[in-house]
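File shown here: work14.pdb, holding PDB, C-alpha atoms.
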```
ATOM      1  CA  MET A   1       6.064  64.942  95.036
ATOM      2  CA  ASP A   2       7.829  66.956  97.720
ATOM      3  CA  ILE A   3      11.504  67.790  97.185
ATOM      4  CA  GLU A   4      13.826  67.029 100.082
ATOM      5  CA  TYR A   5      16.112  69.999 100.682
ATOM      6  CA  ASP A   6      19.353  68.763 102.215
ATOM      7  CA  ALA A   7      21.721  71.724 101.639
ATOM      8  CA  LEU A   8      22.461  74.629 103.973
ATOM      9  CA  ASP A   9      20.604  77.737 102.836
ATOM     10  CA  THR A  10      22.502  80.462 104.682
ATOM     11  CA  GLY A  11      23.288  83.272 102.214
ATOM     12  CA  ILE A  12      21.127  81.794  99.470
ATOM     13  CA  GLU A  13      18.751  84.052  97.558
ATOM     14  CA  PRO A  14      15.177  82.956  96.684
ATOM     15  CA  GLY A  15      15.403  80.418  93.877
ATOM     16  CA  GLY A  16      18.902  79.305  94.904
ATOM     17  CA  LEU A  17      20.076  75.718  95.107
ATOM     18  CA  ARG A  18      18.918  73.859  98.198
ATOM     19  CA  THR A  19      19.934  70.326  97.314
ATOM     20  CA  ARG A  20      23.507  69.051  97.393
ATOM     21  CA  SER A  21      23.065  67.137  94.159
ATOM     22  CA  ASN A  22      22.183  70.356  92.308
ATOM     23  CA  VAL A  23      25.195  72.189  93.760
ATOM     24  CA  LYS A  24      27.441  69.436  92.401
ATOM     25  CA  LEU A  25      25.563  69.425  89.118
ATOM     26  CA  LEU A  26      26.103  73.164  88.653
ATOM     27  CA  ILE A  27      29.851  72.808  89.195
ATOM     28  CA  CYS A  28      30.029  70.084  86.524
ATOM     29  CA  TYR A  29      27.874  72.207  84.225
ATOM     30  CA  ILE A  30      30.160  75.256  84.617
ATOM     31  CA  LEU A  31      33.342  73.304  83.898
ATOM     32  CA  ASP A  32      31.758  71.483  80.957
ATOM     33  CA  SER A  33      30.412  74.723  79.457
ATOM     34  CA  LEU A  34      33.671  76.668  79.749
ATOM     35  CA  ARG A  35      35.781  73.840  78.285
ATOM     36  CA  GLN A  36      38.940  75.029  80.035
ATOM     37  CA  PRO A  37      40.544  74.607  83.472
ATOM     38  CA  VAL A  38      39.056  77.076  85.955
ATOM     39  CA  LYS A  39      40.133  78.198  89.415
ATOM     40  CA  LYS A  40      37.980  76.816  92.189
ATOM     41  CA  GLU A  41      37.898  80.313  93.715
ATOM     42  CA  LEU A  42      36.235  81.751  90.591
ATOM     43  CA  ILE A  43      33.533  79.092  90.602
ATOM     44  CA  ILE A  44      32.859  79.678  94.298
ATOM     45  CA  THR A  45      32.716  83.448  93.762
ATOM     46  CA  SER A  46      30.337  83.163  90.809
ATOM     47  CA  MET A  47      27.944  80.984  92.810
ATOM     48  CA  GLN A  48      28.137  83.070  95.986
ATOM     49  CA  LYS A  49      27.888  86.422  94.206
ATOM     50  CA  ASN A  50      24.497  85.438  92.838
ATOM     51  CA  GLY A  51      23.328  83.876  96.101
ATOM     52  CA  ILE A  52      23.016  80.519  94.362
ATOM     53  CA  ALA A  53      24.583  78.192  96.922
ATOM     54  CA  ASN A  54      25.954  78.148 100.442
ATOM     55  CA  TYR A  55      29.756  78.467 100.694
ATOM     56  CA  PHE A  56      30.250  75.333 102.777
ATOM     57  CA  GLU A  57      28.014  73.303 100.476
ATOM     58  CA  ILE A  58      30.120  74.401  97.491
ATOM     59  CA  ILE A  59      33.335  73.362  99.261
ATOM     60  CA  ASP A  60      31.843  69.985 100.183
ATOM     61  CA  ALA A  61      30.621  69.541  96.612
ATOM     62  CA  PHE A  62      34.141  70.080  95.263
ATOM     63  CA  VAL A  63      35.545  67.475  97.665
ATOM     64  CA  ASP A  64      32.882  64.921  96.777
ATOM     65  CA  LEU A  65      33.166  65.506  93.017
ATOM     66  CA  LYS A  66      36.950  65.207  93.178
ATOM     67  CA  ASN A  67      36.807  62.017  95.261
ATOM     68  CA  LYS A  68      34.388  60.470  92.751
ATOM     69  CA  GLU A  69      36.604  61.672  89.874
ATOM     70  CA  ASN A  70      33.809  63.719  88.305
ATOM     71  CA  ILE A  71      36.190  66.689  88.310
ATOM     72  CA  VAL A  72      39.986  66.705  88.172
ATOM     73  CA  LEU A  73      42.530  69.013  89.800
ATOM     74  CA  VAL A  74      44.895  69.668  86.886
ATOM     75  CA  ASP A  75      47.048  72.387  88.477
ATOM     76  CA  GLU A  76      47.472  72.191  92.241
ATOM     77  CA  GLU A  77      49.509  75.401  92.525
ATOM     78  CA  ASN A  78      46.800  77.513  90.850
ATOM     79  CA  ASP A  79      43.891  75.339  92.075
ATOM     80  CA  LEU A  80      42.652  74.736  88.533
ATOM     81  CA  TYR A  81      39.924  72.175  87.889
ATOM     82  CA  THR A  82      38.486  70.577  84.790
ATOM     83  CA  VAL A  83      35.644  68.129  84.249
ATOM     84  CA  SER A  84      36.171  64.397  83.608
ATOM     85  CA  LYS A  85      34.213  62.154  81.230
ATOM     86  CA  SER A  86      31.840  61.167  84.019
ATOM     87  CA  GLY A  87      31.397  64.835  84.952
ATOM     88  CA  LYS A  88      30.619  65.687  81.328
ATOM     89  CA  PHE A  89      28.041  62.922  81.274
ATOM     90  CA  ILE A  90      26.409  64.348  84.400
ATOM     91  CA  ALA A  91      26.379  67.863  82.945
ATOM     92  CA  SER A  92      25.007  66.877  79.538
ATOM     93  CA  ASN A  93      22.291  64.574  80.846
ATOM     94  CA  LEU A  94      21.149  66.350  84.004
ATOM     95  CA  SER A  95      21.749  70.083  83.431
ATOM     96  CA  ASP A  96      18.073  70.605  82.557
ATOM     97  CA  GLU A  97      17.317  69.938  86.220
ATOM     98  CA  LEU A  98      18.931  73.289  87.004
ATOM     99  CA  PRO A  99      16.808  76.427  86.507
ATOM    100  CA  ARG A 100      17.837  78.194  83.300
ATOM    101  CA  THR A 101      18.238  81.529  85.094
ATOM    102  CA  ILE A 102      20.749  79.995  87.495
ATOM    103  CA  ARG A 103      22.763  78.477  84.654
ATOM    104  CA  GLU A 104      22.822  81.731  82.698
ATOM    105  CA  ARG A 105      23.597  84.000  85.669
ATOM    106  CA  THR A 106      26.419  81.807  86.906
ATOM    107  CA  LEU A 107      28.050  81.459  83.498
ATOM    108  CA  SER A 108      27.745  85.189  82.833
ATOM    109  CA  THR A 109      29.377  86.009  86.177
ATOM    110  CA  ILE A 110      32.243  83.567  85.795
ATOM    111  CA  CYS A 111      32.947  84.746  82.238
ATOM    112  CA  ASP A 112      33.213  88.308  83.567
ATOM    113  CA  LEU A 113      35.575  87.103  86.324
ATOM    114  CA  LEU A 114      37.738  85.234  83.808
ATOM    115  CA  ALA A 115      37.916  88.302  81.553
ATOM    116  CA  GLN A 116      38.891  90.499  84.476
ATOM    117  CA  GLU A 117      41.556  88.014  85.576
ATOM    118  CA  GLN A 118      43.013  87.893  82.053
ATOM    119  CA  SER A 119      42.955  91.683  81.833
ATOM    120  CA  THR A 120      44.829  91.942  85.137
ATOM    121  CA  LYS A 121      47.532  89.612  83.807
ATOM    122  CA  GLU A 122      47.909  91.473  80.526
ATOM    123  CA  ASN A 123      47.547  95.033  81.824
ATOM    124  CA  THR A 124      49.873  95.626  84.733
ATOM    125  CA  ALA A 125      50.076  98.317  87.387
ATOM    126  CA  GLU A 126      53.011  98.551  89.791
ATOM    127  CA  ILE A 127      53.144 100.769  92.868
ATOM    128  CA  ILE A 128      56.600 102.321  93.344
ATOM    129  CA  LYS A 129      57.379 104.066  96.630
ATOM    130  CA  GLN A 130      59.023 107.483  96.333
ATOM    131  CA  LYS A 131      60.559 109.744  98.965
ATOM    132  CA  THR A 132      57.453 111.902  99.196
ATOM    133  CA  GLY A 133      54.710 109.668  97.806
ATOM    134  CA  TYR A 134      54.024 106.883  95.329
ATOM    135  CA  LEU A 135      54.172 106.321  91.569
ATOM    136  CA  VAL A 136      51.694 103.972  89.937
ATOM    137  CA  ASP A 137      53.323 102.633  86.763
ATOM    138  CA  CYS A 138      50.614 101.415  84.353
ATOM    139  CA  HIS A 139      50.909  99.407  81.125
ATOM    140  CA  ILE A 140      48.173  98.497  78.638
ATOM    141  CA  LYS A 141      49.274  95.690  76.341
ATOM    142  CA  GLY A 142      48.651  95.577  72.617
ATOM    143  CA  GLY A 143      50.030  92.292  71.330
ATOM    144  CA  GLU A 144      53.711  91.909  72.152
ATOM    145  CA  SER A 145      54.266  95.576  73.022
ATOM    146  CA  ASP A 146      52.679  98.288  75.131
ATOM    147  CA  LEU A 147      49.688 100.026  73.581
ATOM    148  CA  LEU A 148      49.892 102.694  76.261
ATOM    149  CA  SER A 149      52.065 103.215  79.327
ATOM    150  CA  PHE A 150      52.090 105.985  81.895
ATOM    151  CA  SER A 151      53.015 106.751  85.493
ATOM    152  CA  ILE A 152      50.900 108.786  87.872
ATOM    153  CA  TYR A 153      52.029 110.298  91.176
ATOM    154  CA  VAL A 154      49.829 110.121  94.275
ATOM    155  CA  PRO A 155      50.677 111.323  97.795
ATOM    156  CA  ASP A 156      49.794 108.210  99.829
ATOM    157  CA  SER A 157      49.551 104.422  99.614
ATOM    158  CA  LYS A 158      45.750 104.388  99.919
ATOM    159  CA  GLN A 159      45.317 106.447  96.758
ATOM    160  CA  ALA A 160      48.008 104.396  95.021
ATOM    161  CA  ARG A 161      46.115 101.183  95.715
ATOM    162  CA  LEU A 162      42.877 102.791  94.509
ATOM    163  CA  VAL A 163      44.483 103.969  91.267
ATOM    164  CA  LYS A 164      45.889 100.485  90.669
ATOM    165  CA  LYS A 165      42.524  98.860  91.376
ATOM    166  CA  ASN A 166      40.606 101.223  89.083
ATOM    167  CA  PHE A 167      43.160 100.817  86.310
ATOM    168  CA  GLN A 168      43.122  97.025  86.429
ATOM    169  CA  SER A 169      39.333  96.861  86.709
ATOM    170  CA  ASN A 170      38.883  98.616  83.358
ATOM    171  CA  PRO A 171      42.056  99.454  81.404
ATOM    172  CA  GLU A 172      40.037  99.799  78.189
ATOM    173  CA  MET A 173      38.180 102.739  79.718
ATOM    174  CA  ILE A 174      41.464 104.397  80.741
ATOM    175  CA  TYR A 175      42.748 103.977  77.198
ATOM    176  CA  LYS A 176      39.609 105.604  75.785
ATOM    177  CA  VAL A 177      40.009 108.586  78.148
ATOM    178  CA  MET A 178      43.635 109.086  77.112
ATOM    179  CA  VAL A 179      42.809 108.827  73.393
ATOM    180  CA  ALA A 180      39.905 111.270  73.774
ATOM    181  CA  ALA A 181      42.151 113.765  75.590
ATOM    182  CA  ILE A 182      45.072 113.477  73.178
ATOM    183  CA  THR A 183      42.963 113.680  70.009
ATOM    184  CA  GLY A 184      40.729 116.439  71.358
ATOM    185  CA  ASN A 185      37.612 114.513  70.360
ATOM    186  CA  SER A 186      35.100 116.217  72.660
ATOM    187  CA  GLU A 187      32.169 114.004  71.651
ATOM    188  CA  PHE A 188      34.176 110.852  72.334
ATOM    189  CA  ALA A 189      35.419 112.356  75.624
ATOM    190  CA  GLU A 190      31.881 113.148  76.798
ATOM    191  CA  GLN A 191      30.682 109.646  75.964
ATOM    192  CA  THR A 192      33.673 108.105  77.744
ATOM    193  CA  LEU A 193      33.101 110.196  80.862
ATOM    194  CA  GLU A 194      29.454 109.135  80.852
ATOM    195  CA  ASP A 195      30.577 105.503  80.594
ATOM    196  CA  ILE A 196      32.885 106.023  83.586
ATOM    197  CA  LYS A 197      29.998 107.484  85.564
ATOM    198  CA  ASN A 198      27.822 104.495  84.722
ATOM    199  CA  LYS A 199      30.676 102.098  85.434
ATOM    200  CA  GLY A 200      31.036 103.571  88.905
ATOM    201  CA  LEU A 201      34.833 103.694  89.244
ATOM    202  CA  ARG A 202      35.722 104.588  92.796
ATOM    203  CA  LYS A 203      37.097 107.994  93.733
ATOM    204  CA  PRO A 204      39.712 108.714  96.391
ATOM    205  CA  GLY A 205      38.020 108.865  99.777
ATOM    206  CA  SER A 206      34.925 106.944  98.623
ATOM    207  CA  ARG A 207      33.758 103.841 100.461
TER     208      ARG A 207
END
```

For the file at hand, write its structure as structure tokens.
Amino acid sequence: MDIEYDALDTGIEPGGLRTRSNVKLLICYILDSLRQPVKKELIITSMQKNGIANYFEIIDAFVDLKNKENIVLVDEENDLYTVSKSGKFIASNLSDELPRTIRERTLSTICDLLAQEQSTKENTAEIIKQKTGYLVDCHIKGGESDLLSFSIYVPDSKQARLVKKNFQSNPEMIYKVMVAAITGNSEFAEQTLEDIKNKGLRKPGSR
């Protein structure tokens, strides 16, 4: 039996979702699997990043699911959604219709995005303008207090933004570097530098 593809396929990778029903099903599956309110933006990003569904089809799917009360907007200010009882029923009974690789890739991506978002909230970096440059004031949280805090001077706003971005993308790595330097643990320092190389943190002037 031939499958009728009714979804836009612009930007979709081979194996992506080409039916509107499956796009809606994946959204219900994500929200049901995570069991917590999630920003619509994160769901869209996780699906687009993997080339799983067309952007406009995802937006339309959200509207349709909300209108049918399969998903619920629980926080309008932060655009947070959760799944309703009917959405849970859809996810639990129909999720096998979605390719396993798509389910796993999407969940893995959105979990990484959620972890990064939480890290950004907990580990702060503030850019402070000085007379001759900028200070980037960084804080790594450890419970109720700072585990590590430091300020670094850079000559221009471009480098300040890059330092802030790199810090917030992986504060754990920064902490490891500082500990390795302070303790003089050369083996740990070498391993950490290799991890940074593999992580691919951006350097000033890089594109």

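Remark: for Glu76 (chain A), the closest of the candidate residues A:Met47, A:Val38, A:Ile12, A:Leu107 is A:Val38 (distances computed over all atoms listed in the file).
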
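Among A:Asp137, A:Asp32, A:Glu57, A:Asp64, the residue with the shortest atom-to-atom distance to Asn93 (chain A), counting all atoms listed in the file, is A:Asp32.
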
Checklist line | CA of Met173 (chain A) to CA of Thr132 (chain A), straight-line distance in Å | finding: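 So the answer is 28.9 Å.
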
Check: Can you tell me how far CA of Ile30 (chain A) sits from CA of Gly87 (chain A), in Å to one decimal?
Finding: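 If I compute the distance from CA of Ile30 (chain A) to CA of Gly87 (chain A), I get 10.5 Å.
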
Notebook entry, point to check: What gap, in Å, lies between CA of Leu113 (chain A) and CA of Lys40 (chain A)?
Noted result: 12.1 Å

Next item on the list: Kindly resolve the PyMOL selection byres ((chain A and resi 148-162) around 12) on the present coordinates and return the residues as a PyMOL selection string.
Entry: chain A and resi 123-143+145-147+163-169+171-172+174-179+201-207

Margin query: Show me the residues around (29.4, 69.7, 86.0) - criterion: an atom at most 10 Å away, all atoms listed in the file counted - as a PyMOL selection string.
Written below: chain A and resi 22-33+65+70-71+82-84+86-92+94-95

Next item on the list: Apply the PyMOL selection byres ((chain A and resi 53) around 8) to the displayed file and report the matching residues as a count of residues only.
Entry: 15

Go ahead and fit an axis-aligned box to every listed atom of region 72-79 of chain A plus 6 Å each side, and pass me the centre and edge lengths in Å, one decimal, as AutoDock Vina command-line options.
```
--center_x 44.7 --center_y 72.1 --center_z 89.7 --size_x 21.5 --size_y 22.8 --size_z 17.6
```

Next item on the list: Have a look at A:Thr10, A:Asn67, A:Gln118, A:Thr109 and name the one nearest to Thr45 (chain A); count only C-alpha atoms.
Entry: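 The closest residue to Thr45 (chain A) is A:Thr109.
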
Check: From the list A:Glu69, A:Asp195, A:Glu117, A:Glu122, which residue is nearest Glu41 (chain A) when using all atoms listed in the file?
Finding: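 Of A:Glu69, A:Asp195, A:Glu117, A:Glu122, the one nearest Glu41 (chain A) is A:Glu117, counting all atoms listed in the file.
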